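Data first, discussion second: the structure below is written as C-alpha cells.
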Amino acid sequence: MSRAVVRVPQQVRAGEVIEITAMVAHPMETGYRTGDDGRIVPRHIVRELQCEFDGQTVFRMTFFPALTANPWVAFPLRAERSGLLTFTWTDDQGRVVIERAELRVS
Amino acid sequence: MSLPIVRCLSRSIVNPARRRGLVRFGQGLAMASLAVRPEVSQADAARDRLQAAIAEFTQGRVMVPDSTRLRIEIDALVENGNSVPIRVSALSPMTDTDHVQRILILAPRNPQPQVALFHLGVHSGRAEVATRFRMAESQSLQALALFSDGRIHRAQADVVVTLAACLEN
C-alpha cells in the first residue's frame with residue numbers, strides 16, 4: 001500500500017458543498033478466491049478511510065471485500081473555510097497511507 | 001458452462017472450515033441418497049448473512065422500505081462485474097435536526113452482503129456518496145440510510161451482470 005490520489009475542487013466559495021474523491025493503490029484481496037495451489041488466498045483489504053479537516057473528522061468509511069482493487073470513493077463536504085484535509089487509509093495488515101490536500105475557500 | 005457457476009457457489013461460503021464442514025455434510029447427504037440439493041442451504045446461508053447485516057445496521061429501528069428519500073444510481077445492465085460504479089443519494093437538508101448519519105450498501109448475493117458503510121454528518125452538506133464495487137452475480141442491490149430522526153430508509157435497484165466478478169480468478 002503506497003500510492004494515493006485525492007481530488008479536491010479548486011475555486012470554492014464559502015458554504016459551497018463540494019465533492020471530494022479519494023483513491024488508494026491496494027489489491028483488495030477478497031479472501032474468497034482460490035489460488036493456483038487450490039488454497040484460499042488470504043483476505044487483504046483496506047478496512048477504513050478517515051478524512052479530517054483541520055483535525056476534525058468530516059468523513060469515515062468502512063470497507064468490505066466487495067470494493068474494487070484500488071478502491072475509489074466520492075463524498076461531500078460543506079466548505080466553510082480554507083484548511084488542510086488529511087486522508088488516512090488503514091488496511092488488514094495495519095498499514096497506513098496518509099495523503100494531504102489543501103482546501104482553498106474564497 | 002456449469003463449471004464457472006460451481007466455482008462461484010463454492011466461493012460464496014465465507015469460512016473455509018465451515019466450507020469443509022458443508023462439503024462433508026454434502027457428501028453425507030449424497031451417500032444417504034437424500035433428495036436435498038446443496039443450493040438450498042446456500043440460499044439459506046445467504047439470506048441469513050443478509051438478515052444479520054441488516055439487523056446490525058438497523059439495531060431494531062423503524063424502517064421505511066421503499067423510501068422516496070433515498071435513491072440508488074446504477075446501470076441496470078452491467079458488462080463487467082469487477083468494477084461497478086454506484087452512487088447513493090438521500091433527500092436531506094443536512095441540518096442539525098434533519099440529516100443523514102450513515103449509508104450502507106448491500107449486495108445480497110455476494111459472498112458477504114456488505115459493500116461499504118459511509119459515515120456522514122451535518123458538515124457533509126449533502127447526503128451523496130459514490131464508489132465502485134464487485135458483483136458476484138445479477139441481483140437486487142439495497143441501500144440503507146440512517147436519518148437523524150432514528151428512522152432507516154431503504155432503496156433497492158435490480159442489476160443484471162453479464163460478466164460476474166467471481167469468474168475472474
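Ligands are numbered from 1 in the order shown, residues from 1 within each chain, and chains are lettered A, B, ... in the order they appear in the C-alpha cells.
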Find the residues of chain B in contact range of chain A, meaning any atom within 7 Å when counting only C-alpha atoms, and list them as a list in words.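 Close to chain A, chain B has Arg11, Val14, Asn82, Ser83, Gln114, Val115, Ala116, Leu117, Phe118, His119, Leu120, His123, Ser124, Gly125, Arg126, Glu128, Val129, Ala130, Thr131, Arg132, Phe133, Arg134 and Asn169 of chain B.
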Output file for the residues above (C-alpha atoms, as a PDB file, in the first residue's frame):
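Now in result-v7.pdb:
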ATOM      1  CA  ARG B  11     -16.546 -19.261  -3.204  1.00  0.00           C
ATOM      2  CA  VAL B  14     -17.225 -17.374   3.940  1.00  0.00           C
ATOM      3  CA  ASN B  82     -15.370  -6.499 -11.436  1.00  0.00           C
ATOM      4  CA  SER B  83     -15.898  -2.746 -11.289  1.00  0.00           C
ATOM      5  CA  GLN B 114     -21.994  -5.560   2.929  1.00  0.00           C
ATOM      6  CA  VAL B 115     -20.280  -3.460   0.253  1.00  0.00           C
ATOM      7  CA  ALA B 116     -19.472  -0.196   2.021  1.00  0.00           C
ATOM      8  CA  LEU B 117     -20.554   1.792   5.071  1.00  0.00           C
ATOM      9  CA  PHE B 118     -20.348   5.602   4.931  1.00  0.00           C
ATOM     10  CA  HIS B 119     -20.479   7.940   7.933  1.00  0.00           C
ATOM     11  CA  LEU B 120     -21.813  11.422   7.165  1.00  0.00           C
ATOM     12  CA  HIS B 123     -20.734  19.140   7.832  1.00  0.00           C
ATOM     13  CA  SER B 124     -21.193  16.891   4.752  1.00  0.00           C
ATOM     14  CA  GLY B 125     -23.692  19.406   3.363  1.00  0.00           C
ATOM     15  CA  ARG B 126     -25.254  16.789   1.117  1.00  0.00           C
ATOM     16  CA  GLU B 128     -24.488  11.624  -1.523  1.00  0.00           C
ATOM     17  CA  VAL B 129     -21.697   9.075  -1.869  1.00  0.00           C
ATOM     18  CA  ALA B 130     -20.235   7.079  -4.742  1.00  0.00           C
ATOM     19  CA  THR B 131     -17.856   4.161  -5.102  1.00  0.00           C
ATOM     20  CA  ARG B 132     -17.019   1.144  -7.286  1.00  0.00           C
ATOM     21  CA  PHE B 133     -17.601  -2.454  -6.284  1.00  0.00           C
ATOM     22  CA  ARG B 134     -17.625  -6.081  -7.440  1.00  0.00           C
ATOM     23  CA  ASN B 169      -9.592 -15.934 -10.918  1.00  0.00           C
TER      24      ASN B 169
END
Determine, counting only C-alpha atoms, which protein, DNA and RNA residues have an atom within 8 Å of an atom of Leu103 in chain A; residues of the same chain fewer than 4 positions away are not included. Present the result as an NGL selection string. :A and (8-10 or 81-85)
Take the selection from the previous step and output its residues with C-alpha atoms, as a PDB file, in the first residue's frame.
ATOM      1  CA  VAL A   8     -10.370  18.496  -4.119  1.00  0.00           C
ATOM      2  CA  PRO A   9     -12.145  21.121  -6.254  1.00  0.00           C
ATOM      3  CA  GLN A  10     -10.428  24.475  -6.749  1.00  0.00           C
ATOM      4  CA  ARG A  81     -13.188  27.959   5.219  1.00  0.00           C
ATOM      5  CA  SER A  82      -9.719  27.125   3.955  1.00  0.00           C
ATOM      6  CA  GLY A  83      -7.822  24.392   5.725  1.00  0.00           C
ATOM      7  CA  LEU A  84      -5.961  21.113   5.493  1.00  0.00           C
ATOM      8  CA  LEU A  85      -7.632  17.821   4.567  1.00  0.00           C
TER       9      LEU A  85
END
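In this model, the gap between CA of Ala164 in chain B and CA of Arg43 in chain A comes to 19.5 Å.
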